[in-house]
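coords-v9.tsv follows; it contains TSV, C-alpha atoms.
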chain	number	residue	atom	x	y	z
A	1	MET	CA	139.93	80.13	105.93
A	2	LYS	CA	138.31	81.88	108.91
A	3	ILE	CA	138.23	85.18	107.03
A	4	PHE	CA	136.64	83.49	104.01
A	5	ALA	CA	134.00	81.87	106.23
A	6	SER	CA	133.29	85.23	107.90
A	7	ILE	CA	132.88	86.95	104.56
A	8	LEU	CA	130.53	84.20	103.36
A	9	GLY	CA	128.52	84.54	106.57
A	10	ILE	CA	128.21	88.31	106.15
A	11	VAL	CA	127.24	87.96	102.48
A	12	GLY	CA	124.66	85.31	103.38
A	13	LEU	CA	123.12	87.48	106.10
A	14	THR	CA	123.03	90.48	103.76
A	15	ILE	CA	121.25	88.48	101.06
A	16	ALA	CA	118.78	87.07	103.58
A	17	PHE	CA	118.05	90.59	104.85
A	18	LEU	CA	117.52	91.95	101.35
A	19	LEU	CA	115.22	89.13	100.37
A	20	SER	CA	113.21	88.95	103.59
A	21	ASN	CA	109.60	90.09	103.46
A	22	SER	CA	108.33	93.08	105.34
A	23	HIS	CA	105.56	92.38	107.80
A	24	ALA	CA	102.74	94.30	106.17
A	25	ASN	CA	99.09	93.98	107.07
A	26	PRO	CA	97.06	93.66	103.88
A	27	VAL	CA	93.91	95.75	103.60
A	28	GLU	CA	91.01	93.87	105.19
A	29	VAL	CA	87.78	92.90	103.45
A	30	GLY	CA	85.25	95.63	104.23
A	31	ALA	CA	87.87	98.37	104.50
A	32	GLY	CA	88.03	101.28	102.11
A	33	ALA	CA	90.28	100.67	99.15
A	34	PRO	CA	93.38	102.88	99.12
A	35	LYS	CA	92.81	105.97	97.01
A	36	VAL	CA	96.18	106.20	95.35
A	37	LYS	CA	97.68	107.33	92.08
A	38	ALA	CA	100.32	105.52	90.06
A	39	ILE	CA	102.08	105.61	86.71
A	40	ASP	CA	100.96	103.16	84.04
A	41	GLN	CA	102.99	101.37	81.40
A	42	ASP	CA	102.79	104.45	79.16
A	43	GLY	CA	104.06	106.85	81.83
A	44	LYS	CA	100.60	108.34	82.42
A	45	GLU	CA	99.19	108.97	85.87
A	46	VAL	CA	96.28	106.73	86.86
A	47	ASP	CA	94.02	107.63	89.78
A	48	LEU	CA	92.44	104.48	91.19
A	49	ALA	CA	89.73	106.29	93.20
A	50	PRO	CA	87.47	107.00	90.18
A	51	ALA	CA	87.93	103.41	88.93
A	52	TYR	CA	86.49	102.11	92.19
A	53	THR	CA	83.18	103.82	91.42
A	54	LYS	CA	82.72	102.18	87.99
A	55	GLY	CA	81.87	98.61	88.91
A	56	LEU	CA	84.34	96.04	90.18
A	57	THR	CA	88.07	96.72	90.20
A	58	LEU	CA	90.70	94.02	90.50
A	59	VAL	CA	94.06	95.27	91.74
A	60	TYR	CA	96.53	92.42	91.62
A	61	PHE	CA	100.16	92.54	92.73
A	62	TYR	CA	102.90	90.40	91.26
A	63	PRO	CA	106.63	90.16	91.95
A	64	LYS	CA	108.21	90.92	88.56
A	65	ALA	CA	107.11	91.42	84.98
A	66	ASP	CA	107.96	88.72	82.44
A	67	THR	CA	108.93	86.05	84.94
A	68	PRO	CA	107.34	82.58	84.71
A	69	GLY	CA	104.76	82.80	87.52
A	70	CYS	CA	103.86	86.42	86.83
A	71	THR	CA	103.43	85.64	83.14
A	72	LYS	CA	101.10	82.71	83.93
A	73	GLU	CA	99.04	84.94	86.22
A	74	ALA	CA	98.80	87.79	83.70
A	75	CYS	CA	97.95	85.41	80.84
A	76	SER	CA	95.26	83.77	82.98
A	77	LEU	CA	93.61	87.18	83.36
A	78	ARG	CA	94.21	87.98	79.69
A	79	ASP	CA	92.58	84.76	78.54
A	80	ALA	CA	89.50	85.43	80.70
A	81	PHE	CA	89.45	89.16	80.05
A	82	ALA	CA	86.27	89.15	77.95
A	83	GLU	CA	84.41	87.31	80.73
A	84	LEU	CA	85.86	89.59	83.42
A	85	LYS	CA	84.90	92.66	81.42
A	86	ALA	CA	81.38	91.29	80.83
A	87	LYS	CA	81.04	91.02	84.62
A	88	GLY	CA	82.12	94.66	84.98
A	89	VAL	CA	85.64	94.00	86.26
A	90	THR	CA	88.40	96.52	85.50
A	91	VAL	CA	91.86	94.99	85.93
A	92	PHE	CA	95.04	96.68	87.15
A	93	GLY	CA	98.28	94.74	87.51
A	94	VAL	CA	100.90	96.21	89.85
A	95	SER	CA	104.57	95.48	90.36
A	96	HIS	CA	107.72	97.32	91.37
A	97	ASP	CA	108.87	97.36	87.74
A	98	SER	CA	109.50	100.50	85.68
A	99	PRO	CA	106.96	101.79	83.16
A	100	ALA	CA	109.23	100.54	80.34
A	101	ALA	CA	109.34	97.02	81.81
A	102	GLN	CA	105.56	97.05	82.27
A	103	LYS	CA	105.05	98.24	78.69
A	104	ALA	CA	107.32	95.51	77.31
A	105	PHE	CA	105.48	92.89	79.40
A	106	LYS	CA	102.07	94.17	78.26
A	107	GLU	CA	103.09	94.19	74.60
A	108	LYS	CA	104.90	90.84	74.65
A	109	TYR	CA	101.85	89.01	76.02
A	110	ASN	CA	99.10	91.22	74.54
A	111	LEU	CA	97.70	92.06	77.95
A	112	PRO	CA	94.45	94.01	77.52
A	113	PHE	CA	94.54	95.70	80.93
A	114	THR	CA	96.55	98.45	82.59
A	115	LEU	CA	99.83	97.68	84.30
A	116	LEU	CA	100.97	100.06	87.01
A	117	ALA	CA	104.64	100.74	87.67
A	118	ASP	CA	105.03	101.06	91.43
A	119	GLU	CA	108.74	101.83	91.51
A	120	LYS	CA	108.47	103.69	94.84
A	121	GLY	CA	106.28	100.99	96.40
A	122	GLU	CA	103.47	103.40	97.26
A	123	LEU	CA	100.63	101.14	96.06
A	124	ILE	CA	102.31	98.09	97.56
A	125	GLN	CA	102.48	99.88	100.90
A	126	ALA	CA	98.97	101.38	100.66
A	127	PHE	CA	97.43	97.93	100.13
A	128	GLY	CA	99.67	96.41	102.82
A	129	VAL	CA	101.20	93.90	100.45
A	130	PRO	CA	104.36	92.33	101.88
A	131	ALA	CA	107.49	93.24	99.92
A	132	ASN	CA	111.14	92.47	100.33
A	133	GLN	CA	113.82	95.10	100.80
A	134	LEU	CA	114.18	95.40	97.03
A	135	GLY	CA	110.49	96.36	96.77
A	136	ILE	CA	109.41	93.11	95.18
A	137	ALA	CA	105.80	92.52	96.18
A	138	ALA	CA	104.15	89.28	97.22
A	139	ARG	CA	101.52	87.87	94.87
A	140	GLN	CA	98.19	89.17	96.23
A	141	SER	CA	94.88	90.31	94.73
A	142	PHE	CA	92.13	92.63	95.88
A	143	LEU	CA	88.63	93.08	94.45
A	144	VAL	CA	87.02	96.46	95.05
A	145	LYS	CA	83.35	97.38	94.77
A	146	ASP	CA	81.93	100.81	95.59
A	147	GLY	CA	85.27	101.83	97.09
A	148	LYS	CA	85.45	98.89	99.53
A	149	ILE	CA	87.55	95.75	99.48
A	150	VAL	CA	85.05	92.91	98.91
A	151	TRP	CA	87.52	90.05	98.39
A	152	ARG	CA	91.21	89.47	98.77
A	153	ASP	CA	93.51	86.62	97.88
A	154	LEU	CA	96.68	86.72	99.97
A	155	LYS	CA	98.24	83.74	98.17
A	156	ALA	CA	97.11	84.51	94.65
A	157	SER	CA	97.42	81.71	92.13
A	158	THR	CA	99.41	81.99	88.95
A	159	ASP	CA	97.55	80.06	86.26
A	160	GLN	CA	94.23	79.97	88.16
A	161	GLN	CA	94.00	83.69	89.03
A	162	ALA	CA	91.16	84.46	86.61
A	163	LYS	CA	89.18	81.42	87.78
A	164	ASP	CA	89.58	82.54	91.41
A	165	VAL	CA	88.51	86.11	90.62
A	166	LEU	CA	85.48	84.95	88.63
A	167	ALA	CA	84.43	82.67	91.50
A	168	ALA	CA	84.75	85.61	93.91
A	169	VAL	CA	82.66	87.82	91.61
A	170	ALA	CA	79.98	85.11	91.36
A	171	ALA	CA	79.86	84.81	95.16
A	172	LEU	CA	79.27	88.55	95.72
A	173	PRO	CA	75.79	89.59	96.83
A	174	LYS	CA	73.76	90.98	93.94
Could you render the structure from this file as structure tokens?
Amino acid sequence: MKIFASILGIVGLTIAFLLSNSHANPVEVGAGAPKVKAIDQDGKEVDLAPAYTKGLTLVYFYPKADTPGCTKEACSLRDAFAELKAKGVTVFGVSHDSPAAQKAFKEKYNLPFTLLADEKGELIQAFGVPANQLGIAARQSFLVKDGKIVWRDLKASTDQQAKDVLAAVAALPK
């Protein structure tokens, strides 16, 4: 019995370690947005630096494609996409998923924006988004204007994400 209890204790500690969040410091409002490159859902390289110069850029991080909360968040942005686009917002969704998983997610829910596959966690790290040992990122969003972070949401909503982003856009100085 003692051996069984010891094994359970070790397994429990291992799982807790793997699922614990790293202590990242998210990019601050006013700081320069990370100029990073990533692979999109089609396996093509995307350089975020030029996107930052073309109006507003939303870079939102989510834990895993095609899971309930992440689907609600993505569909919130999809449903408000015309309004976001009219306000000059370019949207990039980022998770630790593979390009194939991102592509399937994009197609399944008809997402009209680019999904970035951050399998190595480089974007997650560059933006300072907390992630667990498996690379799964916390749900956070960053709005970039003229290369600077102008808004961030460190506890991004699922079904209200678009509403929150639109309110942030409306509150920006003209």
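The nearest approach to Ser76 of chain A among the residues A:Leu111, A:Ala168, A:Ala31, A:Ala100, with all atoms listed in the file taken into account, belongs to A:Leu111.
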(message) Just want the 12 Å neighbourhood of Arg152 of chain A, counted on only C-alpha atoms, with same-chain residues fewer than 4 positions away dropped. Output as a VMD selection string.
(response) chain A and resid 26 to 31 33 57 to 61 127 to 129 139 to 145 148 156 to 157 161 164 to 165 168 to 169
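Candidate residues A:Val94, A:Lys108, A:Thr67, A:Gln160 were compared for distance to Glu122 of chain A, and the nearest is A:Val94, using all atoms listed in the file.
With only the atoms specified (all atoms listed in the file) counting, those residues at most 9 Å away from (98.9, 96.3, 81.5) are Asp40, Gln41, Ala74, Val91, Phe92, Gly93, Val94, Gln102, Lys103, Phe105, Lys106, Glu107, Asn110, Leu111, Pro112, Phe113, Thr114, Leu115 and Leu116 of chain A.
Interatomic distance, atom CA of Glu83 of chain A against atom CA of Leu166 of chain A: 8.3 Å.
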(message) Measuring between all atoms listed in the file, which one of A:Gln125, A:Thr53, A:Thr158, A:Thr71 shows the shortest distance to Val89 of chain A?
(response) A:Thr53
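Distance-wise, atom CA of Gly69 of chain A and atom CA of Gly135 of chain A end up 17.4 Å apart.
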(message) When you count all atoms listed in the file, which of these residues is closest to Ala167 of chain A: A:Tyr109, A:Gln133, A:Gly32, A:Lys87?
(response) A:Lys87
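Interatomic distance, atom CA of Ala126 of chain A to atom CA of Gly55 of chain A: 20.9 Å.
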(message) Counting all atoms listed in the file, which residue out of A:Pro99, A:Pro50, A:Gly43, A:Pro63 sits closest to Ala138 of chain A?
(response) A:Pro63
Test item: write segment 60-83 of chain A with N, CA and C atoms as a compact mmCIF listing (two decimals), in the first residue's frame:
# COMPACT_ATOMS: atom_id res chain seq x y z
N TYR A 60 -4.27 37.54 -30.37
CA TYR A 60 -4.89 36.91 -29.21
C TYR A 60 -4.39 35.48 -29.08
N PHE A 61 -4.14 35.09 -27.84
CA PHE A 61 -3.60 33.77 -27.52
C PHE A 61 -4.70 32.94 -26.87
N TYR A 62 -4.76 31.67 -27.25
CA TYR A 62 -5.75 30.77 -26.68
C TYR A 62 -5.10 29.42 -26.43
N PRO A 63 -5.62 28.67 -25.47
CA PRO A 63 -4.98 27.42 -25.08
C PRO A 63 -4.93 26.32 -26.14
N LYS A 64 -6.05 26.02 -26.79
CA LYS A 64 -6.05 24.89 -27.73
C LYS A 64 -7.20 25.01 -28.72
N ALA A 65 -6.86 24.81 -29.97
CA ALA A 65 -7.86 24.87 -31.04
C ALA A 65 -8.96 23.84 -30.83
N ASP A 66 -10.18 24.25 -31.18
CA ASP A 66 -11.35 23.38 -31.18
C ASP A 66 -11.71 22.82 -29.81
N THR A 67 -11.45 23.60 -28.78
CA THR A 67 -11.93 23.26 -27.44
C THR A 67 -13.05 24.26 -27.13
N PRO A 68 -13.92 23.96 -26.18
CA PRO A 68 -15.11 24.81 -25.98
C PRO A 68 -14.84 26.30 -25.79
N GLY A 69 -13.99 26.67 -24.85
CA GLY A 69 -13.73 28.09 -24.60
C GLY A 69 -13.04 28.77 -25.77
N CYS A 70 -12.08 28.09 -26.36
CA CYS A 70 -11.34 28.66 -27.49
C CYS A 70 -12.25 28.82 -28.71
N THR A 71 -13.17 27.90 -28.88
CA THR A 71 -14.13 28.00 -29.98
C THR A 71 -15.06 29.19 -29.76
N LYS A 72 -15.55 29.38 -28.53
CA LYS A 72 -16.41 30.54 -28.23
C LYS A 72 -15.67 31.84 -28.52
N GLU A 73 -14.40 31.90 -28.11
CA GLU A 73 -13.62 33.12 -28.32
C GLU A 73 -13.43 33.39 -29.81
N ALA A 74 -13.01 32.38 -30.55
CA ALA A 74 -12.79 32.53 -31.99
C ALA A 74 -14.08 32.90 -32.72
N CYS A 75 -15.19 32.26 -32.34
CA CYS A 75 -16.47 32.56 -32.99
C CYS A 75 -16.97 33.95 -32.64
N SER A 76 -16.65 34.42 -31.44
CA SER A 76 -16.99 35.80 -31.07
C SER A 76 -16.30 36.77 -32.03
N LEU A 77 -15.03 36.53 -32.28
CA LEU A 77 -14.28 37.40 -33.20
C LEU A 77 -14.76 37.21 -34.64
N ARG A 78 -15.09 35.98 -35.01
CA ARG A 78 -15.62 35.72 -36.34
C ARG A 78 -16.93 36.48 -36.57
N ASP A 79 -17.82 36.41 -35.59
CA ASP A 79 -19.13 37.03 -35.74
C ASP A 79 -19.06 38.55 -35.80
N ALA A 80 -18.01 39.13 -35.23
CA ALA A 80 -17.83 40.59 -35.25
C ALA A 80 -16.75 41.01 -36.24
N PHE A 81 -16.33 40.08 -37.08
CA PHE A 81 -15.19 40.35 -37.96
C PHE A 81 -15.43 41.53 -38.90
N ALA A 82 -16.61 41.64 -39.46
CA ALA A 82 -16.89 42.76 -40.37
C ALA A 82 -16.72 44.09 -39.65
N GLU A 83 -17.21 44.17 -38.41
CA GLU A 83 -17.08 45.41 -37.63
C GLU A 83 -15.62 45.67 -37.25
